[in-house]
$ cat coords03.cif   # mmCIF, C-alpha atoms
data_my_file
#
loop_
_atom_site.label_atom_id
_atom_site.label_comp_id
_atom_site.auth_asym_id
_atom_site.auth_seq_id
_atom_site.Cartn_x
_atom_site.Cartn_y
_atom_site.Cartn_z
CA MET A 16 115.64 111.75 66.35
CA ASN A 17 117.12 114.11 68.91
CA VAL A 18 115.53 113.36 72.29
CA THR A 19 115.78 115.61 75.33
CA PRO A 20 114.98 114.47 78.89
CA LEU A 21 111.36 115.07 79.84
CA LYS A 22 110.64 116.80 83.14
CA HIS A 23 107.48 116.53 85.22
CA SER A 24 106.32 119.90 83.87
CA ALA A 25 105.42 118.11 80.63
CA TYR A 26 102.45 116.62 82.48
CA ALA A 27 101.05 119.86 83.83
CA ASN A 28 97.70 119.61 82.06
CA LEU A 29 97.06 115.95 82.93
CA ASN A 30 95.13 116.86 86.07
CA THR A 31 92.42 118.12 83.72
CA ILE A 32 92.49 114.86 81.75
CA ALA A 33 92.32 112.80 84.93
CA LYS A 34 89.43 114.86 86.29
CA SER A 35 87.44 114.56 83.07
CA ALA A 36 88.05 110.78 83.16
CA GLY A 37 86.30 110.66 86.55
CA ALA A 38 89.30 110.56 88.91
CA ARG A 39 88.24 111.36 92.44
CA ASN A 40 91.64 112.51 93.62
CA TYR A 41 92.87 114.15 90.42
CA LEU A 42 95.03 116.51 92.49
CA TYR A 43 97.41 113.60 93.01
CA MET A 44 97.49 112.46 89.38
CA GLN A 45 100.91 113.89 88.64
CA SER A 46 102.20 110.97 86.57
CA PRO A 47 100.92 111.34 83.00
CA LEU A 48 100.30 107.67 82.34
CA LYS A 49 98.27 106.62 85.37
CA CYS A 50 94.88 107.56 83.93
CA ILE A 51 95.13 105.41 80.76
CA ALA A 52 92.71 102.49 80.90
CA GLY A 53 93.84 99.15 79.49
CA ASN A 54 97.55 99.51 80.22
CA THR A 55 99.64 96.47 81.12
CA CYS A 56 102.56 95.96 83.52
CA ALA A 57 105.99 96.42 81.93
CA CYS A 58 107.27 93.54 84.07
CA CYS A 59 104.70 90.74 84.17
CA GLY A 60 102.39 91.89 81.36
CA GLN A 61 99.25 91.70 83.55
CA LYS A 62 96.50 94.25 82.96
CA MET A 63 96.47 97.00 85.61
CA LEU A 64 93.79 99.16 87.21
CA THR A 65 94.27 102.90 86.96
CA ARG A 66 93.88 105.38 89.81
CA VAL A 67 90.54 106.29 88.23
CA ASP A 68 89.34 102.67 88.51
CA ILE A 69 90.48 102.42 92.13
CA SER A 70 88.77 105.73 92.96
CA LYS A 71 85.50 104.45 91.52
CA ILE A 72 85.74 101.27 93.60
CA TRP A 73 86.32 103.15 96.86
CA SER A 74 83.63 105.74 96.10
CA THR A 75 81.10 102.93 95.65
CA ILE A 76 81.85 100.88 98.77
CA THR A 77 82.76 103.60 101.30
CA LEU A 78 80.22 104.71 103.91
CA PRO A 79 79.19 108.40 103.88
CA LEU A 80 80.85 110.59 106.51
CA LYS A 81 77.44 111.31 108.10
CA GLU A 82 77.16 107.61 108.98
CA VAL A 83 80.78 107.22 110.04
CA LEU A 84 80.93 110.18 112.44
CA PRO A 85 78.56 108.98 115.19
CA ASN A 86 79.67 105.34 114.97
CA TYR A 87 83.44 105.68 115.22
CA ARG A 88 85.85 106.68 117.96
CA TRP A 89 86.46 110.34 117.18
CA GLU A 90 87.04 111.31 120.84
CA LYS A 91 90.81 111.61 120.43
CA VAL A 92 90.43 113.97 117.48
CA LYS A 93 87.70 115.90 119.31
CA ASN A 94 89.80 116.37 122.48
CA ASN A 95 93.19 117.05 120.88
CA HIS A 96 92.16 118.86 117.70
CA PRO A 97 88.78 120.58 118.18
CA ASP A 98 89.11 122.72 115.02
CA LEU A 99 89.64 119.61 112.97
CA PHE A 100 86.72 117.80 114.60
CA ASN A 101 84.42 120.80 114.10
CA THR A 102 85.41 120.95 110.42
CA ILE A 103 84.68 117.24 109.95
CA THR A 104 81.27 117.68 111.65
CA TYR A 105 80.51 120.67 109.42
CA LEU A 106 81.40 118.71 106.28
CA ALA A 107 79.32 115.73 107.41
CA ASN A 108 76.27 117.96 107.75
CA LYS A 109 76.92 119.77 104.47
CA PHE A 110 77.50 116.57 102.44
CA PRO A 111 75.54 113.82 104.23
CA LYS A 112 75.87 111.32 101.37
CA LYS A 113 79.60 111.69 100.61
CA ALA A 114 82.73 110.14 102.11
CA LEU A 115 85.32 112.47 103.63
CA SER A 116 87.95 111.58 101.03
CA ASP A 117 85.48 112.65 98.29
CA ILE A 118 84.43 115.82 100.09
CA ILE A 119 87.79 117.42 100.83
CA LEU A 120 89.07 117.04 97.28
CA GLU A 121 86.55 119.62 96.17
CA LYS A 122 88.68 122.76 96.27
CA PRO A 123 86.93 124.95 98.92
CA GLU A 124 86.48 122.01 101.28
CA HIS A 125 90.08 120.92 100.71
CA VAL A 126 91.32 124.37 101.81
CA LEU A 127 88.98 124.37 104.81
CA PHE A 128 90.15 120.92 105.89
CA MET A 129 93.86 121.74 105.51
CA ASP A 130 93.43 125.00 107.48
CA ALA A 131 91.87 123.06 110.33
CA ILE A 132 94.77 120.59 110.30
CA ALA A 133 97.32 123.43 110.25
CA ASN A 134 95.72 125.06 113.30
CA SER A 135 95.69 121.79 115.20
CA VAL A 136 99.29 121.01 114.29
CA ASP A 137 100.50 124.49 115.23
CA ARG A 138 99.05 124.09 118.72
CA TYR A 139 100.56 120.62 118.96
CA ARG A 140 103.97 121.95 117.96
CA CYS A 141 103.86 124.77 120.53
CA THR A 142 103.00 122.39 123.36
CA ARG A 143 105.35 119.56 122.35
CA ASN A 144 108.20 121.60 120.82
CA LEU A 145 108.54 119.40 117.74
CA SER A 146 111.53 119.59 115.45
CA PRO A 147 110.88 120.58 111.79
CA HIS A 148 111.18 116.93 110.72
CA GLU A 149 108.79 115.75 113.46
CA TYR A 150 106.43 118.60 112.54
CA ARG A 151 106.26 117.43 108.89
CA GLU A 152 105.79 113.81 109.91
CA TYR A 153 103.01 114.76 112.30
CA ILE A 154 101.16 116.68 109.57
CA LYS A 155 101.46 113.65 107.31
CA SER A 156 100.32 111.14 109.94
CA LEU A 157 97.41 113.27 111.12
CA THR A 158 96.14 113.95 107.61
CA MET A 159 96.46 110.34 106.45
CA GLY A 160 95.04 109.05 109.73
CA VAL A 161 91.84 111.03 109.37
CA LEU A 162 91.54 110.24 105.66
CA ASN A 163 92.13 106.52 106.15
CA THR A 164 89.72 106.37 109.05
CA SER A 165 86.92 107.65 106.86
CA ALA A 166 87.93 105.88 103.66
CA CYS A 167 88.39 102.50 105.34
CA ILE A 168 84.95 102.25 106.94
CA LEU A 169 83.08 100.34 104.28
CA LYS A 170 79.54 99.22 103.66
CA ASP A 171 78.31 95.73 104.52
CA ALA A 172 79.73 92.67 102.77
CA LYS A 173 76.60 92.35 100.59
CA ASP A 174 77.48 95.76 99.07
CA VAL A 175 81.28 95.39 98.89
CA ILE A 176 81.68 91.92 97.36
CA PRO A 177 79.50 92.59 94.23
CA VAL A 178 81.60 95.70 93.47
CA LEU A 179 84.82 93.65 93.64
CA LYS A 180 83.42 90.68 91.71
CA PRO A 181 84.05 92.12 88.20
CA TYR A 182 87.76 92.43 89.10
CA GLU A 183 88.11 88.78 90.09
CA SER A 184 89.86 88.05 86.80
CA TYR A 185 92.67 90.42 87.89
CA MET A 186 93.24 88.57 91.15
CA ARG A 187 95.86 85.86 91.39
CA GLY A 188 97.48 83.59 93.92
CA HIS A 189 96.06 83.24 97.40
CA ARG A 190 94.41 86.67 97.14
CA LYS A 191 91.90 85.12 94.77
CA GLU A 192 91.34 82.28 97.25
CA ILE A 193 90.74 84.82 100.04
CA PHE A 194 88.23 86.71 97.90
CA ASN A 195 86.35 83.49 97.11
CA GLU A 196 86.22 82.64 100.82
CA LEU A 197 84.93 86.11 101.73
CA GLU A 198 82.39 85.90 98.91
CA TYR A 199 81.10 82.61 100.35
CA GLN A 200 81.01 83.97 103.91
CA SER A 201 79.24 87.15 102.81
CA SER A 202 76.43 85.03 101.35
CA LYS A 203 75.98 83.53 104.83
CA TYR A 204 76.31 86.85 106.69
CA PRO A 205 75.23 89.57 104.23
CA ASP A 206 74.66 92.26 106.87
CA LYS A 207 78.09 91.93 108.49
CA LYS A 208 81.14 93.94 107.53
CA ILE A 209 84.16 92.16 106.09
CA PHE A 210 86.04 93.43 109.15
CA ASP A 211 83.67 91.38 111.37
CA ILE A 212 83.41 88.33 109.12
CA ILE A 213 87.15 87.70 109.08
CA ARG A 214 87.23 87.86 112.89
CA MET A 215 84.59 85.21 113.43
CA PRO A 216 86.06 82.28 115.46
CA GLU A 217 84.62 79.69 113.08
CA LEU A 218 86.69 81.22 110.25
CA SER A 219 90.01 81.77 112.04
CA GLU A 220 89.96 78.42 113.89
CA LYS A 221 89.29 76.65 110.60
CA TYR A 222 92.69 77.73 109.24
CA ILE A 223 94.91 78.10 112.29
CA GLU A 224 96.08 74.48 112.36
CA ASN A 225 96.99 74.48 108.67
CA THR A 226 98.93 77.70 109.19
CA TYR A 227 101.04 76.12 111.93
CA TYR A 228 102.10 73.19 109.76
CA GLU A 229 102.79 75.46 106.79
CA ALA A 230 105.07 77.67 108.89
CA VAL A 231 107.02 74.73 110.38
CA ASN A 232 107.56 73.02 107.04
CA PHE A 233 108.56 76.26 105.34
CA ALA A 234 111.16 77.15 108.00
CA LYS A 235 112.76 73.70 107.89
CA LYS A 236 113.08 73.57 104.09
CA ARG A 237 114.19 77.20 103.79
CA ASP A 238 116.95 76.93 106.39
CA TYR A 239 118.19 73.61 105.04
CA HIS A 240 118.69 74.85 101.46
CA TRP A 241 119.94 78.29 102.51
CA GLU A 242 122.66 76.71 104.66
CA ARG A 243 123.75 74.40 101.85
CA ALA A 244 123.96 77.34 99.40
CA ASP A 245 125.93 79.39 101.94
CA LYS A 246 128.39 76.56 102.51
CA ILE A 247 129.11 76.33 98.78
CA ILE A 248 129.94 80.08 98.68
CA LEU A 249 131.89 80.19 101.96
CA ARG A 250 133.97 77.18 100.95
CA ASN A 251 135.40 79.34 98.17
CA LYS A 252 135.40 82.74 99.98
CA PRO A 253 135.04 82.51 103.79
CA GLU A 254 135.32 86.33 104.10
CA LEU A 255 131.84 86.77 102.57
CA LYS A 256 130.00 85.71 105.74
CA ASP A 257 128.67 89.21 106.51
CA GLU A 258 127.76 89.85 102.88
CA ILE A 259 125.68 86.66 102.82
CA LYS A 260 123.66 87.88 105.82
CA LYS A 261 122.85 91.09 103.94
CA LEU A 262 121.89 89.03 100.88
CA ARG A 263 119.44 86.98 102.94
CA THR A 264 117.76 90.17 104.12
CA ARG A 265 117.23 91.26 100.52
CA VAL A 266 115.96 87.79 99.58
CA ALA A 267 113.41 87.90 102.42
CA GLN A 268 111.91 91.07 100.89
CA ALA A 269 111.11 89.16 97.69
CA TYR A 270 108.64 86.87 99.46
CA GLY A 271 105.75 89.37 99.37
CA SER A 272 104.39 88.15 96.03
CA ASP A 273 101.63 85.58 95.45
CA ASP A 274 103.14 84.59 92.12
CA GLU A 275 105.56 81.73 92.79
CA LYS A 276 107.20 82.05 89.38
CA ARG A 277 107.93 85.72 89.96
CA VAL A 278 109.30 85.10 93.47
CA ALA A 279 111.63 82.44 92.05
CA TYR A 280 112.84 84.88 89.37
CA GLN A 281 113.63 87.58 91.92
CA ILE A 282 115.49 85.27 94.33
CA GLN A 283 117.56 83.68 91.58
CA GLU A 284 118.32 87.13 90.21
CA LEU A 285 119.63 88.31 93.59
CA TYR A 286 121.96 85.32 93.85
CA ARG A 287 123.18 85.71 90.26
CA ILE A 288 124.07 89.35 90.90
CA PHE A 289 125.77 88.43 94.19
CA LEU A 290 127.90 85.72 92.56
CA LYS A 291 128.80 88.01 89.66
CA GLU A 292 129.88 90.84 92.00
CA HIS A 293 132.24 88.51 93.87
CA ASN A 294 133.65 86.69 90.81
CA LEU A 295 131.96 83.38 91.67
CA ASN A 296 130.16 82.74 88.37
CA HIS A 297 131.50 79.19 88.30
CA LEU A 298 129.36 78.38 91.38
CA GLU A 299 126.09 79.55 89.79
CA LYS A 300 124.85 76.08 88.81
CA ASN A 301 125.39 74.56 92.27
CA VAL A 302 124.16 77.55 94.30
CA LEU A 303 121.01 78.10 92.22
CA GLY A 304 120.36 74.37 92.36
CA GLU A 305 119.87 74.76 96.13
CA ILE A 306 118.03 78.09 95.93
CA CYS A 307 115.47 76.70 93.48
CA GLN A 308 114.40 74.17 96.11
CA ILE A 309 113.50 76.79 98.74
CA PRO A 310 109.70 77.00 99.24
CA LEU A 311 108.37 80.27 97.93
CA LEU A 312 105.19 81.35 99.73
CA THR A 313 105.38 82.44 103.36
CA PHE A 314 102.04 84.22 103.40
CA THR A 315 99.03 82.17 102.34
CA LYS A 316 95.26 82.05 102.55
CA ASN A 317 95.57 80.07 105.79
CA SER A 318 97.80 82.62 107.49
CA PHE A 319 95.63 85.51 106.31
CA LEU A 320 92.42 84.05 107.73
CA SER A 321 93.93 82.67 110.93
CA TYR A 322 95.46 85.96 112.16
CA PRO A 323 92.66 88.50 111.62
CA ARG A 324 93.88 90.96 114.26
CA ARG A 325 96.60 92.00 111.84
CA TYR A 326 93.94 93.81 109.78
CA TYR A 327 92.33 96.52 111.88
CA SER A 328 89.86 97.74 109.26
CA ASP A 329 87.72 96.29 106.49
CA GLY A 330 89.30 98.82 104.13
CA LEU A 331 92.77 97.33 104.65
CA ILE A 332 91.43 93.85 103.87
CA VAL A 333 89.94 95.05 100.58
CA GLN A 334 93.08 97.04 99.77
CA TYR A 335 95.21 93.92 100.31
CA ILE A 336 93.09 91.94 97.85
CA ILE A 337 93.20 94.54 95.06
CA ARG A 338 96.74 95.82 95.69
CA PRO A 339 98.61 93.56 93.21
CA PHE A 340 96.90 94.99 90.13
CA MET A 341 97.11 98.65 91.14
CA GLU A 342 99.65 100.49 88.97
CA THR A 343 102.71 102.33 90.19
CA VAL A 344 105.82 103.97 88.73
CA LYS A 345 109.20 102.25 88.61
CA SER A 346 112.53 103.99 87.93
CA ILE A 347 114.71 102.33 85.30
CA VAL A 348 117.88 104.02 86.53
CA PRO A 349 118.02 104.20 90.37
CA PRO A 350 117.29 107.78 91.53
CA LYS A 351 120.56 107.83 93.49
CA LYS A 352 122.34 107.52 90.12
CA GLY A 353 120.55 110.55 88.75
CA GLY A 354 117.44 108.96 87.29
CA TYR A 355 114.84 111.62 88.09
CA GLU A 356 113.64 112.48 84.57
CA LEU A 357 110.30 111.23 83.31
CA SER A 358 112.14 109.44 80.54
CA ASN A 359 113.35 107.17 83.37
CA LYS A 360 109.83 106.21 84.53
CA ILE A 361 107.86 103.15 83.52
CA LEU A 362 104.59 101.66 84.82
CA VAL A 363 104.44 98.37 86.70
CA CYS A 364 101.83 96.76 88.95
CA ARG A 365 102.27 97.18 92.70
CA GLU A 366 103.34 93.58 93.19
CA CYS A 367 106.13 93.83 90.61
CA GLY A 368 107.08 97.25 92.01
CA ASP A 369 107.53 95.74 95.48
CA ASN A 370 109.56 92.82 94.18
CA LEU A 371 111.79 95.00 92.01
CA ALA A 372 112.39 97.55 94.75
CA GLN A 373 115.89 96.27 95.51
CA ILE A 374 116.95 95.35 91.96
CA PRO A 375 117.61 97.62 88.95
CA TYR A 376 114.93 97.08 86.32
CA THR A 377 117.30 96.42 83.43
CA GLU A 378 119.34 93.83 85.35
CA THR A 379 116.21 91.76 85.93
CA ALA A 380 114.95 92.21 82.35
CA LEU A 381 118.21 90.88 80.87
CA TYR A 382 117.54 87.47 82.45
CA HIS A 383 113.85 87.40 81.49
CA PRO A 384 113.17 88.17 77.80
CA GLU A 385 109.40 88.29 78.42
CA MET A 386 109.96 91.46 80.49
CA ILE A 387 111.54 93.16 77.47
CA LYS A 388 108.53 92.13 75.33
CA ASN A 389 106.11 93.43 77.99
CA THR A 390 108.01 96.72 78.22
CA GLU A 391 107.91 97.12 74.43
CA LYS A 392 104.18 96.35 74.46
CA GLN A 393 103.55 99.05 77.09
CA LEU A 394 105.57 101.69 75.21
CA GLN A 395 103.69 100.91 72.00
CA PHE A 396 100.36 101.13 73.85
CA ILE A 397 101.28 104.53 75.33
CA GLY A 398 102.54 105.68 71.93
CA ASN A 399 99.18 104.85 70.35
CA LYS A 400 97.41 106.85 73.06
CA ILE A 401 99.67 109.83 72.36
CA LEU A 402 99.01 109.58 68.62
CA ASP A 403 95.23 109.42 68.98
CA GLY A 404 95.23 112.52 71.21
CA THR A 405 94.40 110.87 74.56
CA LEU A 406 97.65 112.27 75.97
CA PRO A 407 99.08 115.75 75.24
CA SER A 408 101.48 116.37 72.37
CA GLU A 409 104.25 117.31 74.85
CA LEU A 410 104.67 113.56 75.39
CA PHE A 411 105.54 112.70 71.76
CA ASP A 412 109.12 111.94 72.77
CA TYR A 413 108.26 109.93 75.91
CA PRO A 414 108.28 106.34 74.46
CA ILE A 415 111.46 107.08 72.50
CA ALA A 416 113.18 108.65 75.51
CA VAL A 417 112.32 105.64 77.72
CA SER A 418 113.57 103.30 75.00
CA LYS A 419 116.83 105.26 74.88
CA THR A 420 117.21 105.03 78.68
CA LEU A 421 116.72 101.25 78.54
CA TYR A 422 119.23 100.95 75.70
CA ASN A 423 121.91 103.06 77.38
CA TYR A 424 121.57 101.62 80.89
CA SER A 425 121.59 98.00 79.65
CA GLY A 426 124.70 98.54 77.54
CA GLY A 427 122.74 98.17 74.30
CA LEU A 428 121.20 94.79 75.22
CA ILE A 429 117.62 96.13 75.58
CA ASN A 430 116.39 97.96 72.50
CA PRO A 431 112.57 98.12 72.19
CA ASP A 432 111.28 98.24 68.62
CA LEU A 433 109.43 101.55 68.15
CA SER A 434 110.16 102.03 64.43
CA ASN A 435 106.47 102.37 63.45
CA TYR A 436 105.86 104.94 66.16
CA ILE A 437 108.91 106.98 65.13
CA GLU A 438 107.71 107.05 61.52
CA ASN A 439 104.27 108.25 62.58
CA ILE A 440 105.80 110.99 64.75
CA LYS A 441 107.97 112.16 61.83
CA ASN A 442 104.95 112.39 59.55
CA ILE A 443 103.01 114.39 62.15
CA LYS A 444 105.88 116.81 62.76
CA LEU A 445 106.51 117.26 59.04
#

$ encode --input "coords03.cif" --output "structure tokens"
Amino acid sequence: MNVTPLKHSAYANLNTIAKSAGARNYLYMQSPLKCIAGNTCACCGQKMLTRVDISKIWSTITLPLKEVLPNYRWEKVKNNHPDLFNTITYLANKFPKKALSDIILEKPEHVLFMDAIANSVDRYRCTRNLSPHEYREYIKSLTMGVLNTSACILKDAKDVIPVLKPYESYMRGHRKEIFNELEYQSSKYPDKKIFDIIRMPELSEKYIENTYYEAVNFAKKRDYHWERADKIILRNKPELKDEIKKLRTRVAQAYGSDDEKRVAYQIQELYRIFLKEHNLNHLEKNVLGEICQIPLLTFTKNSFLSYPRRYYSDGLIVQYIIRPFMETVKSIVPPKKGGYELSNKILVCRECGDNLAQIPYTETALYHPEMIKNTEKQLQFIGNKILDGTLPSELFDYPIAVSKTLYNYSGGLINPDLSNYIENIKNIKL
């Protein structure tokens, strides 16, 4: 079948689909696949929550703007951006039971809110003489600051925890442990906010000692095995000293996951690629033997609960817990190599997206056959949704085009089986 690259225009009518599915912020639903319930990560195979699911969670646990306005520090906005403050006050009075993030995404209110921001920013630019880049960044920071302020002021723990409870099966690693601890504490202090619970001395002091010993032991073991691995490489090529420092920086970015198995995969993958690039494949067994002994988790339940000042809002705490199973888009071919078409996009969970940020998708998949199976499963799932009419007919070629991208970029080593889907498409088109 002749397949042409799909552009983002193929998804033009998906805003309507997302809105009808109940998405609060359907204006931002530009990727066609993010509103399909039941999808799984193309990397780890875990079930993911759609933007619609996340919107429903936040809509349920967020305080109405009418309650937020008198109880939060809006003085800076009021003094520096009076038009913006007046607009927020007007919206709070007009919609006393809604959160700001819900209100402004209704078209007339969205325009009103953005006009108020534009007026405030224009005055700011005249007085501060901002460059065009600074001007754009200021618009972004001001808009997101106001939105996050309202969206991150949540109801009491007795209201928040029951809403998150049905998603406990999605949670993994120490995030699940943190949720269980907050669930227990909320039963003791039901009328407190999560923001206040996590800052109680009895909670932070309980974990601070364990955190200290964890950090010391991790640093000792990590440095010991890293140095031994480096010595093996430098013994063969002393000129790679600077390259090894850069490699360590990339390895450090892989430690954000709670899944030890996945962290190990990513670190080993980075070292395999490094050794291959410098013609040191014969050292792989010895180097990876040291790397496999490096402890994997630097951020645990103890460190989360013992340093509560890091989280300045209850919304950020909740977002941290549910972040791993939120879906995001991953490019198969790096954008800098021309991979901007939609046939280059695939869905992964946020945790996998963070861990794969520095590594091409296909290079990782070649070492982990389960990733290829998970990718094939996702493409088949999306194909079924296209066939049953959940997604528009413009996307008929999407699974095939993605499969072709994977095949070409992996040198023919990754070839998802979509034969049944192709036959069904042929019958429909005939």

$ closest_residue --input "coords03.cif" --among "A:Val178, A:Leu169, A:Val83, A:Ala107" --to "A:Ile332" --atoms "all atoms listed in the file"
A:Leu169

$ atom_distance --input "coords03.cif" --atom1 "atom CA of A:Asp403" --atom2 "atom CA of A:Ile415"
16.8 Å

$ resolve_selection --input "coords03.cif" --expression "the PyMOL selection byres ((chain A and resi 335) around 12)" --output "PyMOL selection string"
chain A and resi 186+189-191+193-194+271-273+319+325-326+328-334+336-341+365-366

$ resolve_selection --input "coords03.cif" --expression "the PyMOL selection byres ((chain A and resi 96) around 9)" --output "number ranges by chain"
A: 91-95, 97-101, 131-132, 134-136, 138-139

$ closest_residue --input "coords03.cif" --among "A:Ile223, A:Leu295, A:Leu406, A:Leu115" --to "A:Leu255" --atoms "all atoms listed in the file"
A:Leu295

$ residues_around --input "coords03.cif" --residues "A:Glu391" --least-positions-apart "4" --cutoff "7 Å" --atoms "only C-alpha atoms" --output "ChimeraX atom specification"
/A:387,395,431-432

$ write_last_selection --input "coords03.cif" --atoms "C-alpha atoms" --output "PDB file, keeping the file's coordinate frame"
ATOM      1  CA  ILE A 387     111.540  93.160  77.470  1.00  0.00           C
ATOM      2  CA  GLN A 395     103.690 100.910  72.000  1.00  0.00           C
ATOM      3  CA  PRO A 431     112.570  98.120  72.190  1.00  0.00           C
ATOM      4  CA  ASP A 432     111.280  98.240  68.620  1.00  0.00           C
TER       5      ASP A 432
END

$ closest_residue --input "coords03.cif" --among "A:Ile397, A:Ile309, A:Leu262, A:Cys367" --to "A:Asn232" --atoms "all atoms listed in the file"
A:Ile309

$ resolve_selection --input "coords03.cif" --expression "the PyMOL selection byres ((chain A and resi 237) around 10)" --output "list in words"
Asn232, Phe233, Ala234, Lys235, Lys236, Asp238, Tyr239, His240, Trp241, Glu242, Glu305, Ile306, Gln308, Ile309, Pro310 and Leu311 of chain A

$ write_last_selection --input "coords03.cif" --atoms "C-alpha atoms" --output "PDB file, in the coordinates of the input"
ATOM      1  CA  ASN A 232     107.560  73.020 107.040  1.00  0.00           C
ATOM      2  CA  PHE A 233     108.560  76.260 105.340  1.00  0.00           C
ATOM      3  CA  ALA A 234     111.160  77.150 108.000  1.00  0.00           C
ATOM      4  CA  LYS A 235     112.760  73.700 107.890  1.00  0.00           C
ATOM      5  CA  LYS A 236     113.080  73.570 104.090  1.00  0.00           C
ATOM      6  CA  ASP A 238     116.950  76.930 106.390  1.00  0.00           C
ATOM      7  CA  TYR A 239     118.190  73.610 105.040  1.00  0.00           C
ATOM      8  CA  HIS A 240     118.690  74.850 101.460  1.00  0.00           C
ATOM      9  CA  TRP A 241     119.940  78.290 102.510  1.00  0.00           C
ATOM     10  CA  GLU A 242     122.660  76.710 104.660  1.00  0.00           C
ATOM     11  CA  GLU A 305     119.870  74.760  96.130  1.00  0.00           C
ATOM     12  CA  ILE A 306     118.030  78.090  95.930  1.00  0.00           C
ATOM     13  CA  GLN A 308     114.400  74.170  96.110  1.00  0.00           C
ATOM     14  CA  ILE A 309     113.500  76.790  98.740  1.00  0.00           C
ATOM     15  CA  PRO A 310     109.700  77.000  99.240  1.00  0.00           C
ATOM     16  CA  LEU A 311     108.370  80.270  97.930  1.00  0.00           C
TER      17      LEU A 311
END

$ atom_distance --input "coords03.cif" --atom1 "atom CA of A:Gly60" --atom2 "atom CA of A:Leu362"
10.6 Å

$ atom_distance --input "coords03.cif" --atom1 "atom CA of A:Asn389" --atom2 "atom CA of A:Cys58"
6.2 Å

$ residues_around --input "coords03.cif" --residues "A:Gln200" --least-positions-apart "2" --cutoff "9 Å" --atoms "all atoms listed in the file" --output "list in words"
Ala172, Asn195, Glu196, Leu197, Glu198, Ser202, Lys203, Tyr204, Pro205, Ile212, Ile213 and Leu218 of chain A

$ residues_near_point --input "coords03.cif" --point "(116.2, 86.5, 88.7)" --cutoff "12 Å" --atoms "only C-alpha atoms" --output "tab-separated table (two decimals) with C-alpha atoms, in the coordinates of the input"
chain	number	residue	atom	x	y	z
A	266	VAL	CA	115.96	87.79	99.58
A	269	ALA	CA	111.11	89.16	97.69
A	276	LYS	CA	107.20	82.05	89.38
A	277	ARG	CA	107.93	85.72	89.96
A	278	VAL	CA	109.30	85.10	93.47
A	279	ALA	CA	111.63	82.44	92.05
A	280	TYR	CA	112.84	84.88	89.37
A	281	GLN	CA	113.63	87.58	91.92
A	282	ILE	CA	115.49	85.27	94.33
A	283	GLN	CA	117.56	83.68	91.58
A	284	GLU	CA	118.32	87.13	90.21
A	285	LEU	CA	119.63	88.31	93.59
A	286	TYR	CA	121.96	85.32	93.85
A	287	ARG	CA	123.18	85.71	90.26
A	288	ILE	CA	124.07	89.35	90.90
A	289	PHE	CA	125.77	88.43	94.19
A	303	LEU	CA	121.01	78.10	92.22
A	306	ILE	CA	118.03	78.09	95.93
A	307	CYS	CA	115.47	76.70	93.48
A	370	ASN	CA	109.56	92.82	94.18
A	371	LEU	CA	111.79	95.00	92.01
A	373	GLN	CA	115.89	96.27	95.51
A	374	ILE	CA	116.95	95.35	91.96
A	375	PRO	CA	117.61	97.62	88.95
A	376	TYR	CA	114.93	97.08	86.32
A	377	THR	CA	117.30	96.42	83.43
A	378	GLU	CA	119.34	93.83	85.35
A	379	THR	CA	116.21	91.76	85.93
A	380	ALA	CA	114.95	92.21	82.35
A	381	LEU	CA	118.21	90.88	80.87
A	382	TYR	CA	117.54	87.47	82.45
A	383	HIS	CA	113.85	87.40	81.49
A	384	PRO	CA	113.17	88.17	77.80
A	386	MET	CA	109.96	91.46	80.49

$ residues_around --input "coords03.cif" --residues "A:Ser418" --least-positions-apart "2" --cutoff "9 Å" --atoms "all atoms listed in the file" --output "NGL selection string"
:A and (358 or 391 or 394 or 413-416 or 420-423 or 429-433)
